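K.L.:
Structure file input11.txt, compact mmCIF, C-alpha atoms and all ligand atoms, is pasted below:
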```
# COMPACT_ATOMS: atom_id res chain seq x y z
CA MET A 1 -34.65 7.28 1.93
CA GLN A 2 -32.70 4.30 0.49
CA ASN A 3 -35.99 2.32 0.29
CA ASN A 4 -37.44 4.78 -2.22
CA MET A 5 -34.44 4.58 -4.49
CA PRO A 6 -34.24 2.23 -7.45
CA ASP A 7 -31.92 -0.70 -6.80
CA ILE A 8 -31.16 -2.29 -10.12
CA ALA A 9 -28.96 -4.92 -8.47
CA HIS A 10 -32.25 -6.44 -7.37
CA SER A 11 -34.78 -5.20 -9.91
CA ALA A 12 -33.02 -5.29 -13.27
CA SER A 13 -32.32 -8.48 -15.13
CA ALA A 14 -28.84 -9.37 -16.32
CA LEU A 15 -28.17 -8.57 -20.00
CA GLN A 16 -26.61 -12.00 -20.28
CA THR A 17 -26.79 -14.66 -17.60
CA GLY A 18 -23.81 -16.68 -16.39
CA THR A 19 -21.32 -17.07 -13.58
CA LEU A 20 -18.19 -14.93 -13.27
CA ASP A 21 -14.82 -15.78 -11.72
CA TRP A 22 -14.18 -12.46 -9.98
CA VAL A 23 -16.13 -9.21 -9.79
CA GLY A 24 -15.18 -6.25 -7.66
CA MET A 25 -13.04 -3.14 -7.55
CA GLY A 26 -9.44 -2.35 -8.31
CA ASN A 27 -7.07 0.31 -6.99
CA ILE A 28 -8.98 1.37 -3.88
CA GLU A 29 -6.60 3.63 -1.99
CA LEU A 30 -6.78 3.32 1.79
CA PRO A 31 -4.55 3.66 4.84
CA LEU A 32 -4.06 0.49 6.86
CA VAL A 33 -2.28 -0.08 10.16
CA LEU A 34 0.00 -3.05 9.59
CA GLU A 35 1.14 -5.33 12.38
CA SER A 36 4.07 -7.59 11.57
CA LYS A 37 6.51 -9.43 13.85
CA GLY A 38 9.53 -7.38 14.88
CA LEU A 39 8.15 -4.07 13.57
CA ASN A 40 6.28 -1.25 15.26
CA GLN A 41 2.71 -0.88 14.04
CA VAL A 42 2.92 1.25 10.92
CA THR A 43 0.33 3.03 8.79
CA VAL A 44 0.78 2.22 5.12
CA THR A 45 -1.11 3.62 2.15
CA ALA A 46 -2.39 0.56 0.40
CA LYS A 47 -3.98 -0.03 -2.99
CA ALA A 48 -6.64 -2.70 -2.62
CA ASP A 49 -8.29 -4.93 -5.21
CA ALA A 50 -11.41 -6.54 -3.73
CA PHE A 51 -13.48 -9.28 -5.35
CA VAL A 52 -16.13 -11.93 -4.94
CA ASN A 53 -17.10 -14.53 -7.49
CA LEU A 54 -20.57 -14.34 -8.98
CA GLN A 55 -22.24 -17.73 -8.81
CA LYS A 56 -25.85 -16.70 -9.29
CA GLU A 57 -26.31 -16.83 -13.02
CA ASP A 58 -29.26 -14.44 -13.30
CA ALA A 59 -28.11 -11.83 -10.71
CA LYS A 60 -27.54 -8.38 -12.24
CA GLY A 61 -24.41 -7.79 -10.24
CA ILE A 62 -22.61 -7.86 -6.92
CA HIS A 63 -22.81 -5.20 -4.19
CA MET A 64 -19.67 -3.15 -4.67
CA SER A 65 -20.44 -0.86 -1.75
CA ARG A 66 -20.41 -3.76 0.71
CA LEU A 67 -16.85 -4.71 -0.28
CA PHE A 68 -15.79 -1.08 -0.06
CA LEU A 69 -17.32 -0.62 3.40
CA ALA A 70 -15.74 -3.83 4.70
CA LEU A 71 -12.35 -2.48 3.61
CA ASP A 72 -13.15 0.79 5.33
CA THR A 73 -13.80 -1.09 8.59
CA LEU A 74 -10.41 -2.78 8.25
CA SER A 75 -8.84 0.62 7.67
CA CYS A 76 -10.54 2.55 10.48
CA GLU A 77 -11.34 0.00 13.18
CA GLN A 78 -8.82 -2.78 12.85
CA VAL A 79 -5.14 -3.58 12.50
CA LEU A 80 -4.03 -5.57 9.46
CA THR A 81 -3.08 -9.13 10.53
CA PRO A 82 -3.70 -12.57 8.98
CA LYS A 83 -6.77 -12.83 11.24
CA THR A 84 -8.38 -9.52 10.21
CA LEU A 85 -7.66 -10.26 6.56
CA LYS A 86 -9.63 -13.49 6.94
CA GLN A 87 -12.42 -11.56 8.71
CA LEU A 88 -12.50 -9.15 5.76
CA LEU A 89 -13.05 -12.03 3.34
CA ASP A 90 -15.69 -13.55 5.67
CA ASN A 91 -17.40 -10.17 5.57
CA PHE A 92 -17.25 -10.07 1.74
CA LEU A 93 -18.95 -13.47 1.65
CA SER A 94 -21.51 -12.92 4.40
CA THR A 95 -22.71 -9.77 2.59
CA HIS A 96 -22.97 -11.77 -0.67
CA SER A 97 -24.35 -15.03 0.72
CA ASP A 98 -26.91 -15.36 -2.09
CA LEU A 99 -24.39 -14.56 -4.84
CA SER A 100 -20.87 -15.76 -4.03
CA THR A 101 -18.80 -18.68 -2.74
CA GLY A 102 -15.35 -17.11 -3.11
CA ALA A 103 -13.70 -13.85 -2.03
CA LYS A 104 -10.32 -12.34 -2.75
CA VAL A 105 -8.35 -9.27 -1.74
CA THR A 106 -4.97 -7.97 -2.87
CA LEU A 107 -3.22 -5.22 -0.89
CA GLN A 108 -0.17 -3.47 -2.28
CA PHE A 109 1.88 -0.97 -0.32
CA GLU A 110 5.36 0.30 0.39
CA LEU A 111 6.66 -0.70 3.81
CA PRO A 112 9.31 1.65 5.25
CA ILE A 113 11.74 -0.11 7.59
CA ARG A 114 14.65 1.35 9.60
CA ARG A 115 17.78 -0.38 8.37
CA PRO A 116 21.24 -0.28 9.94
CA SER A 117 24.35 0.71 7.98
CA LEU A 118 27.06 -1.90 7.46
CA LEU A 119 29.70 -0.56 9.88
CA SER A 120 29.10 3.02 10.98
CA LYS A 121 26.09 2.23 13.22
CA LYS A 122 23.90 4.78 11.39
CA MET A 123 20.27 4.04 10.51
CA GLY A 124 18.13 4.98 7.54
CA TRP A 125 14.72 4.26 5.99
CA LYS A 126 14.45 1.69 3.28
CA SER A 127 11.18 1.05 1.54
CA TYR A 128 10.08 -2.42 0.47
CA PRO A 129 7.23 -3.05 -2.00
CA ILE A 130 4.85 -5.56 -0.40
CA THR A 131 1.81 -7.38 -1.75
CA LEU A 132 -0.57 -9.42 0.40
CA ASP A 133 -2.98 -11.61 -1.46
CA ALA A 134 -5.73 -13.52 0.38
CA THR A 135 -8.48 -15.77 -0.99
CA LEU A 136 -11.33 -17.60 0.68
CA ILE A 137 -12.95 -20.07 -1.71
CA ASN A 138 -15.48 -22.66 -0.53
CA GLY A 139 -14.12 -22.29 3.00
CA SER A 140 -10.45 -22.68 2.05
CA TYR A 141 -8.30 -19.69 3.13
CA LYS A 142 -5.06 -18.97 1.24
CA LEU A 143 -2.60 -16.25 2.09
CA GLU A 144 0.37 -15.11 0.05
CA LEU A 145 3.09 -12.56 0.81
CA ALA A 146 5.13 -11.05 -2.01
CA LEU A 147 8.02 -8.63 -1.65
CA ASP A 148 10.91 -7.22 -3.63
CA VAL A 149 14.47 -7.08 -2.31
CA ALA A 150 16.94 -4.83 -4.13
CA TYR A 151 20.62 -5.73 -4.06
CA SER A 152 23.86 -5.30 -5.95
CA SER A 153 25.35 -8.09 -8.06
CA THR A 154 28.91 -7.98 -9.34
CA CYS A 155 29.62 -10.04 -12.46
CA PRO A 156 32.03 -12.96 -11.75
CA CYS A 157 33.13 -13.03 -15.40
CA SER A 158 33.93 -9.33 -15.41
CA ALA A 159 35.81 -9.76 -12.10
CA ALA A 160 38.01 -12.52 -13.57
CA LEU A 161 38.71 -10.44 -16.69
CA SER A 162 39.59 -7.45 -14.53
CA ARG A 163 41.96 -9.55 -12.39
CA GLN A 164 43.73 -10.68 -15.56
CA LEU A 165 44.24 -7.06 -16.65
CA ILE A 166 45.62 -6.27 -13.19
CA GLN A 167 48.04 -9.20 -13.48
CA ASN A 168 49.11 -7.99 -16.95
CA ALA A 169 49.67 -4.48 -15.64
CA PHE A 170 51.70 -5.89 -12.74
CA GLN A 171 53.86 -7.82 -15.20
CA GLN A 172 54.46 -4.70 -17.28
CA ALA A 173 55.32 -2.60 -14.24
CA PHE A 174 57.52 -5.09 -12.36
CA ASP A 175 58.74 -7.80 -14.74
CA GLY A 176 62.48 -8.31 -14.23
CA LYS A 177 62.65 -5.79 -11.37
CA GLN A 178 63.67 -6.43 -7.78
CA LEU A 179 60.33 -6.39 -5.86
CA ASP A 180 60.19 -3.70 -3.25
CA PHE A 181 57.29 -3.88 -0.71
CA HIS A 182 56.63 -0.12 -0.64
CA SER A 183 56.59 0.34 -4.42
CA VAL A 184 54.21 -2.64 -4.88
CA HIS A 185 52.03 -1.31 -2.04
CA ASP A 186 51.86 2.15 -3.64
CA TRP A 187 51.27 0.64 -7.08
CA LEU A 188 48.34 -1.43 -5.75
CA GLY A 189 46.76 1.78 -4.43
CA SER A 190 46.93 3.52 -7.81
CA THR A 191 44.63 3.51 -10.86
CA GLU A 192 47.55 2.11 -12.90
CA GLY A 193 47.68 -0.83 -10.46
CA ILE A 194 43.97 -1.62 -10.24
CA VAL A 195 43.62 -0.94 -13.96
CA ALA A 196 40.14 -2.48 -14.34
CA THR A 197 37.05 -2.88 -12.15
CA PRO A 198 34.23 -5.41 -12.72
CA HIS A 199 30.75 -4.12 -13.48
CA SER A 200 27.92 -4.44 -10.95
CA GLN A 201 24.23 -3.98 -11.40
CA ARG A 202 21.28 -3.04 -9.28
CA SER A 203 19.30 -6.25 -9.02
CA ILE A 204 15.87 -7.14 -7.70
CA ALA A 205 14.60 -10.42 -6.30
CA ASN A 206 10.80 -10.74 -6.63
CA ILE A 207 9.74 -13.23 -3.97
CA LYS A 208 6.34 -14.77 -3.27
CA VAL A 209 5.63 -17.17 -0.40
CA LYS A 210 2.46 -19.02 0.56
CA LEU A 211 1.83 -18.72 4.29
CA ARG A 212 0.12 -21.33 6.45
CA ASP A 213 -3.60 -20.58 6.65
CA ASN A 214 -3.43 -20.59 10.47
CA CYS A 215 -0.40 -18.27 10.71
CA ALA A 216 -0.87 -15.93 13.64
CA GLU A 217 1.21 -12.98 12.43
CA PHE A 218 2.96 -11.61 9.38
CA GLU A 219 6.72 -12.11 9.52
CA ILE A 220 7.77 -9.67 6.82
CA LEU A 221 10.99 -8.51 8.48
CA ASP A 222 12.12 -12.12 9.03
CA LEU A 223 11.75 -12.88 5.33
CA ILE A 224 13.55 -9.68 4.29
CA GLU A 225 16.45 -10.43 6.64
CA LEU A 226 16.71 -14.04 5.51
CA VAL A 227 16.97 -12.94 1.88
CA GLU A 228 19.30 -9.99 2.48
CA ASN A 229 21.64 -12.03 4.67
CA GLU A 230 21.78 -14.72 2.01
CA LEU A 231 22.52 -12.34 -0.87
CA LYS A 232 24.94 -10.29 1.30
CA THR A 233 24.83 -7.16 -0.87
CA PRO A 234 21.42 -5.54 -0.27
CA VAL A 235 21.00 -1.93 -1.38
CA GLN A 236 21.90 0.30 1.58
CA ALA A 237 20.14 3.18 3.34
CA ALA A 238 22.63 5.28 5.39
CA VAL A 239 26.18 5.08 3.95
CA LYS A 240 29.37 6.66 5.31
CA ARG A 241 32.75 5.91 3.65
CA GLU A 242 33.46 2.97 5.95
CA ASP A 243 30.10 1.47 4.94
CA GLU A 244 30.87 2.04 1.26
CA GLN A 245 34.21 0.27 1.63
CA GLU A 246 32.53 -2.65 3.38
CA PHE A 247 29.95 -2.75 0.57
CA ALA A 248 32.80 -2.94 -1.97
CA ARG A 249 34.36 -5.81 0.01
CA LEU A 250 31.04 -7.66 0.21
CA ASN A 251 30.51 -7.21 -3.54
CA GLY A 252 34.02 -8.51 -4.24
CA GLN A 253 33.47 -11.56 -2.03
CA ASN A 254 29.98 -12.35 -3.34
CA LEU A 255 30.30 -12.25 -7.10
CA MET A 256 27.13 -13.55 -8.71
CA PHE A 257 25.34 -14.35 -11.90
CA CYS A 258 21.55 -14.35 -11.81
CA GLU A 259 21.78 -18.17 -11.60
CA ASP A 260 23.81 -17.90 -8.38
CA ALA A 261 21.27 -15.59 -6.76
CA ALA A 262 18.34 -17.80 -7.83
CA ARG A 263 20.01 -20.99 -6.58
CA LYS A 264 20.93 -19.38 -3.26
CA LEU A 265 17.36 -18.20 -2.65
CA LYS A 266 15.87 -21.51 -3.78
CA ALA A 267 18.07 -23.41 -1.31
CA LEU A 268 17.28 -20.89 1.44
CA LEU A 269 13.50 -20.96 0.94
CA ASN A 270 13.50 -24.75 0.70
CA GLN A 271 14.72 -24.78 4.32
CA GLN A 272 11.78 -22.64 5.51
CA THR A 273 8.26 -23.77 6.38
CA TYR A 274 6.47 -21.85 3.60
CA LEU A 275 3.90 -23.98 1.78
CA ASP A 276 5.29 -22.78 -1.53
CA PHE A 277 7.61 -20.13 -2.95
CA TYR A 278 8.36 -18.35 -6.20
CA VAL A 279 11.53 -16.42 -6.97
CA LYS A 280 12.26 -14.22 -9.97
CA ILE A 281 15.75 -12.75 -10.11
CA ASN A 282 16.31 -9.67 -12.25
CA HIS A 283 19.84 -8.42 -12.87
CA TYR A 284 19.45 -5.07 -14.61
CA GLU A 285 22.67 -5.37 -16.55
CA SER A 286 25.13 -2.52 -16.93
CA LEU A 287 27.12 -4.41 -19.60
CA HIS A 288 24.05 -5.08 -21.74
CA ALA A 289 20.93 -3.05 -22.42
CA HIS A 290 18.89 -6.15 -21.56
CA ASP A 291 18.44 -8.00 -18.25
CA ALA A 292 19.65 -11.34 -16.93
CA VAL A 293 16.69 -13.25 -15.44
CA ALA A 294 16.25 -16.53 -13.53
CA TYR A 295 13.22 -18.18 -11.94
CA ALA A 296 12.81 -20.83 -9.26
CA VAL A 297 9.77 -22.36 -7.55
CA LYS A 298 9.40 -24.94 -4.80
CA GLY A 299 7.78 -27.36 -7.25
CA VAL A 300 4.80 -28.51 -5.16
CA GLU A 301 1.71 -30.03 -6.75
CA ASP A 302 -0.76 -27.33 -7.87
CA GLY A 303 1.76 -24.75 -6.67
CA TYR A 304 3.54 -21.84 -8.33
CA ARG A 305 4.67 -22.30 -11.91
CA VAL A 306 6.97 -20.10 -13.94
N1 LIG B 401 -22.39 -4.31 -9.51
C1 LIG B 401 -21.83 -3.20 -10.03
N2 LIG B 401 -22.00 -2.02 -9.39
C2 LIG B 401 -21.43 -0.92 -9.93
C3 LIG B 401 -20.65 -1.00 -11.12
N3 LIG B 401 -20.19 0.24 -11.41
C4 LIG B 401 -20.66 1.05 -10.43
N4 LIG B 401 -21.41 0.37 -9.56
C5 LIG B 401 -22.10 0.97 -8.42
O1 LIG B 401 -21.81 0.45 -7.17
C6 LIG B 401 -22.82 0.96 -6.29
C7 LIG B 401 -22.97 0.05 -5.14
O2 LIG B 401 -23.91 -0.97 -5.35
P1 LIG B 401 -24.54 -1.69 -4.06
O3 LIG B 401 -23.47 -2.20 -3.19
O4 LIG B 401 -25.54 -2.69 -4.53
O5 LIG B 401 -25.21 -0.43 -3.35
P2 LIG B 401 -26.51 -0.33 -2.47
O6 LIG B 401 -27.66 -0.95 -3.19
O7 LIG B 401 -26.66 1.09 -2.05
O8 LIG B 401 -26.11 -1.18 -1.22
P3 LIG B 401 -26.95 -2.35 -0.54
O9 LIG B 401 -28.21 -1.72 -0.04
O10 LIG B 401 -26.02 -2.84 0.53
O11 LIG B 401 -27.18 -3.36 -1.62
C8 LIG B 401 -24.06 1.13 -7.12
O12 LIG B 401 -24.39 2.50 -7.04
C9 LIG B 401 -23.61 0.79 -8.53
O13 LIG B 401 -24.10 1.68 -9.52
C10 LIG B 401 -20.52 -2.24 -11.78
O14 LIG B 401 -19.86 -2.39 -12.83
N5 LIG B 401 -21.13 -3.30 -11.19
```
Would you kindly transcribe this structure into structure tokens?
Ligand SMILES: Nc1nc2c(ncn2[C@@H]2O[C@H](COP(=O)(O)OP(=O)(O)OP(=O)(O)O)[C@@H](O)[C@H]2O)c(=O)[nH]1

P.N.:
Amino acid sequence: MQNNMPDIAHSASALQTGTLDWVGMGNIELPLVLESKGLNQVTVTAKADAFVNLQKEDAKGIHMSRLFLALDTLSCEQVLTPKTLKQLLDNFLSTHSDLSTGAKVTLQFELPIRRPSLLSKKMGWKSYPITLDATLINGSYKLELALDVAYSSTCPCSAALSRQLIQNAFQQAFDGKQLDFHSVHDWLGSTEGIVATPHSQRSIANIKVKLRDNCAEFEILDLIELVENELKTPVQAAVKREDEQEFARLNGQNLMFCEDAARKLKALLNQQTYLDFYVKINHYESLHAHDAVAYAVKGVEDGYRV
């Protein structure tokens, strides 16, 4: 049947000849079974962008269906690992051997992970936006993992200003009086005592890392835990009052500007074996209507730039 059908990819001439950097499809929705160190295999609903370059100047176009079907094989017959991602790109190229020398795929999905509470030993789901980006160009395979980590940042300036107000209130309440332990204790537990609180904001670290081309497995949980342990105040899943109090303590002991968060993550990622990294810190301010933003990269030659 197919043989009787017109195939303009072969028969029609290009309106304008020339090479193209990437040609393919965007936003292909497909379930994938992800395998990543420390996590159970999980089915994620991914959005895929799939491309090859077009090197044959007079070819009408690429074969979109071949990219689509290769993705379908990954979805239905394979588990998503660095190895199968490379096989996918090999497949893109072997089905376009007369047209292309480079292939690229981007997979975006939400990864749900069971996360423990701070103290109460409860568990809850937390969802992390993940992007995997793989390219195979002239035989060189590159793999990048990007993820977002949400956390709370309490403003150090606001904390210092609040402490000063608390000191002023203490002076007003107790200046010249004989200090009595119980009255000071009660006063500290009242709104009149802690007369001001610093503002905090929900903050997001956008992180990208370049993985070694021979890496055997994704290590998404390891990266999330590294970052969350460094920042100390990740957004929580299950929260009982004891967890909320611990969260308040952690916020109070880890005051940070966006510069602090960026410097911490830069120092942390510099100690890892990633080929390159990129960090964008976004503090969605509650004092201002605008955001506080900081960037950091590893600074390798031909690497990430901001
Ligand atoms: N190249 C290209 N194809 C497009 C575009 N928009 C839709 N398509 C369709 O993508 C479909 C898949 O093309 P092919 O992969 O060449 O399909 P096919 O000829 O049945 O498959 P093969 O026999 O493997 O070549 C065709 O029906 C095209 O019409 C476009 O902008 N560019």

K.L.:
Quick one: residues within 7 Å of ligand LIG 401 (chain B), with only C-alpha atoms and all ligand atoms, as a compact mmCIF listing (two decimals) with C-alpha atoms, in the coordinates of the input?

P.N.:
```txt
# COMPACT_ATOMS: atom_id res chain seq x y z
CA ASP A 7 -31.92 -0.70 -6.80
CA ALA A 9 -28.96 -4.92 -8.47
CA GLY A 61 -24.41 -7.79 -10.24
CA ILE A 62 -22.61 -7.86 -6.92
CA HIS A 63 -22.81 -5.20 -4.19
CA MET A 64 -19.67 -3.15 -4.67
CA SER A 65 -20.44 -0.86 -1.75
CA ARG A 66 -20.41 -3.76 0.71
```

K.L.:
Pick out the residues sitting within 10 Å of Tyr278 in chain A, and hand them over as number ranges by chain; count all atoms listed in the file, and ignore anything fewer than 2 positions along from it in its own chain.

P.N.:
A: 146, 206-210, 265-266, 269, 276, 280, 295-299, 303-306

K.L.:
Write a file of the selected residues as a short mmCIF file (atom, residue, chain, number, x, y, z; two decimals), in the frame of the given file, keeping C-alpha atoms.

P.N.:
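File produced: result.cif:
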```cif
data_model
loop_
_atom_site.label_atom_id
_atom_site.label_comp_id
_atom_site.auth_asym_id
_atom_site.auth_seq_id
_atom_site.Cartn_x
_atom_site.Cartn_y
_atom_site.Cartn_z
CA ALA A 146 5.13 -11.05 -2.01
CA ASN A 206 10.80 -10.74 -6.63
CA ILE A 207 9.74 -13.23 -3.97
CA LYS A 208 6.34 -14.77 -3.27
CA VAL A 209 5.63 -17.17 -0.40
CA LYS A 210 2.46 -19.02 0.56
CA LEU A 265 17.36 -18.20 -2.65
CA LYS A 266 15.87 -21.51 -3.78
CA LEU A 269 13.50 -20.96 0.94
CA ASP A 276 5.29 -22.78 -1.53
CA LYS A 280 12.26 -14.22 -9.97
CA TYR A 295 13.22 -18.18 -11.94
CA ALA A 296 12.81 -20.83 -9.26
CA VAL A 297 9.77 -22.36 -7.55
CA LYS A 298 9.40 -24.94 -4.80
CA GLY A 299 7.78 -27.36 -7.25
CA GLY A 303 1.76 -24.75 -6.67
CA TYR A 304 3.54 -21.84 -8.33
CA ARG A 305 4.67 -22.30 -11.91
CA VAL A 306 6.97 -20.10 -13.94
#
```

K.L.:
Report, as lines of an AutoDock Vina configuration file, the axis-aligned box around all atoms of range 85-97 of chain A present in the file, extended by 5 Å on each side; give centre and edge lengths in Å to one decimal place.

P.N.:
```
center_x = -16.0
center_y = -12.1
center_z = 4.0
size_x = 26.7
size_y = 15.9
size_z = 19.4
```

K.L.:
Please list as an mmCIF file with C-alpha atoms, in the frame of the given file every residue within 10 Å of Glu144 in chain A, counting all atoms listed in the file and excluding residues in the same chain fewer than 4 positions away.

P.N.:
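New file selection31.cif:
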```cif
data_model
loop_
_atom_site.group_PDB
_atom_site.id
_atom_site.type_symbol
_atom_site.label_atom_id
_atom_site.label_comp_id
_atom_site.auth_asym_id
_atom_site.auth_seq_id
_atom_site.Cartn_x
_atom_site.Cartn_y
_atom_site.Cartn_z
ATOM 1 C CA THR A 106 -4.970 -7.970 -2.870
ATOM 2 C CA THR A 131 1.810 -7.380 -1.750
ATOM 3 C CA LEU A 132 -0.570 -9.420 0.400
ATOM 4 C CA ASP A 133 -2.980 -11.610 -1.460
ATOM 5 C CA ALA A 134 -5.730 -13.520 0.380
ATOM 6 C CA THR A 135 -8.480 -15.770 -0.990
ATOM 7 C CA LYS A 208 6.340 -14.770 -3.270
ATOM 8 C CA VAL A 209 5.630 -17.170 -0.400
ATOM 9 C CA LYS A 210 2.460 -19.020 0.560
ATOM 10 C CA LEU A 211 1.830 -18.720 4.290
ATOM 11 C CA ARG A 212 0.120 -21.330 6.450
ATOM 12 C CA ASP A 213 -3.600 -20.580 6.650
ATOM 13 C CA TYR A 274 6.470 -21.850 3.600
ATOM 14 C CA LEU A 275 3.900 -23.980 1.780
ATOM 15 C CA ASP A 276 5.290 -22.780 -1.530
ATOM 16 C CA PHE A 277 7.610 -20.130 -2.950
#
```

K.L.:
Between A:Ser120, A:Gln41, A:Gln78, A:Ser100, which residue has the minimum interatomic distance to Gln55 in chain A, considering all atoms listed in the file?

P.N.:
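Of A:Ser120, A:Gln41, A:Gln78, A:Ser100, the one nearest Gln55 in chain A is A:Ser100, counting all atoms listed in the file.
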
K.L.:
Using all atoms listed in the file, which residues sit within 12 Å of Glu230 in chain A once same-chain residues fewer than 6 positions away are excluded, as a PyMOL selection string?

P.N.:
chain A and resi 149+151+205+223-224+250+254+260-269

K.L.:
Give me, please, the distance in Å between CA of Thr273 in chain A and CA of Lys37 in chain A, quoted to one decimal.

P.N.:
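Straight-line distance from CA of Thr273 in chain A to CA of Lys37 in chain A works out to 16.3 Å.
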
K.L.:
What does the structure give for the distance between CA of Lys122 in chain A and CA of Lys240 in chain A, in Å to one decimal?

P.N.:
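Interatomic distance here is 8.4 Å.
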
K.L.:
Please determine, counting all atoms listed in the file, which residue among A:Ser190, A:Gln253, A:Ser140, A:Ser127 has the shortest atom-to-atom distance to Asp90 in chain A.

P.N.:
A:Ser140

K.L.:
Work out how far CA of Met256 in chain A is from CA of Gln272 in chain A, in Å to one decimal.

P.N.:
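Between these atoms lies a distance of 22.8 Å.
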
K.L.:
List the neighbours of Ser183 in chain A out to 12 Å using only C-alpha atoms; skip same-chain residues closer than 4 positions along the sequence, and give me the result as a short mmCIF file (atom, residue, chain, number, x, y, z; two decimals) with C-alpha atoms, in the frame of the given file.

P.N.:
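And here's part-v4.cif as it stands now:
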```cif
data_model
loop_
_atom_site.label_atom_id
_atom_site.label_comp_id
_atom_site.auth_asym_id
_atom_site.auth_seq_id
_atom_site.Cartn_x
_atom_site.Cartn_y
_atom_site.Cartn_z
CA PHE A 170 51.70 -5.89 -12.74
CA ALA A 173 55.32 -2.60 -14.24
CA PHE A 174 57.52 -5.09 -12.36
CA LYS A 177 62.65 -5.79 -11.37
CA GLN A 178 63.67 -6.43 -7.78
CA LEU A 179 60.33 -6.39 -5.86
CA TRP A 187 51.27 0.64 -7.08
CA LEU A 188 48.34 -1.43 -5.75
CA GLY A 189 46.76 1.78 -4.43
CA SER A 190 46.93 3.52 -7.81
CA GLY A 193 47.68 -0.83 -10.46
#
```

K.L.:
I want to know what sits within 7 Å of range 101-103 of chain A, based on only C-alpha atoms, with residues of the same chain fewer than 3 positions away left out; could you give that as an mmCIF file with C-alpha atoms, in the frame of the given file?

P.N.:
```
data_model
loop_
_atom_site.group_PDB
_atom_site.id
_atom_site.type_symbol
_atom_site.label_atom_id
_atom_site.label_comp_id
_atom_site.auth_asym_id
_atom_site.auth_seq_id
_atom_site.Cartn_x
_atom_site.Cartn_y
_atom_site.Cartn_z
ATOM 1 C CA PHE A 51 -13.480 -9.280 -5.350
ATOM 2 C CA VAL A 52 -16.130 -11.930 -4.940
ATOM 3 C CA ASN A 53 -17.100 -14.530 -7.490
ATOM 4 C CA LEU A 89 -13.050 -12.030 3.340
ATOM 5 C CA PHE A 92 -17.250 -10.070 1.740
ATOM 6 C CA LEU A 93 -18.950 -13.470 1.650
ATOM 7 C CA THR A 135 -8.480 -15.770 -0.990
ATOM 8 C CA LEU A 136 -11.330 -17.600 0.680
ATOM 9 C CA ILE A 137 -12.950 -20.070 -1.710
ATOM 10 C CA ASN A 138 -15.480 -22.660 -0.530
#
```

K.L.:
From the set A:Val279, A:Thr43, A:Pro6, A:Gln108, which residue has the shortest atom-to-atom contact distance to Asn27 in chain A, counting all atoms listed in the file?

P.N.:
A:Gln108

K.L.:
Which one is closest to Leu74 in chain A: A:Leu32, A:Ala150, A:Leu54, A:Leu119? Count all atoms listed in the file.

P.N.:
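Residue with the minimum atom-to-atom distance to Leu74 in chain A: A:Leu32.
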
K.L.:
Give the answer as one residue: which of A:Ser117, A:Glu301, A:Pro112, A:Lys142 has the shortest atom-to-atom distance to Asn40 in chain A, using only C-alpha atoms?

P.N.:
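Of the candidates, the smallest distance to Asn40 in chain A is held by A:Pro112.
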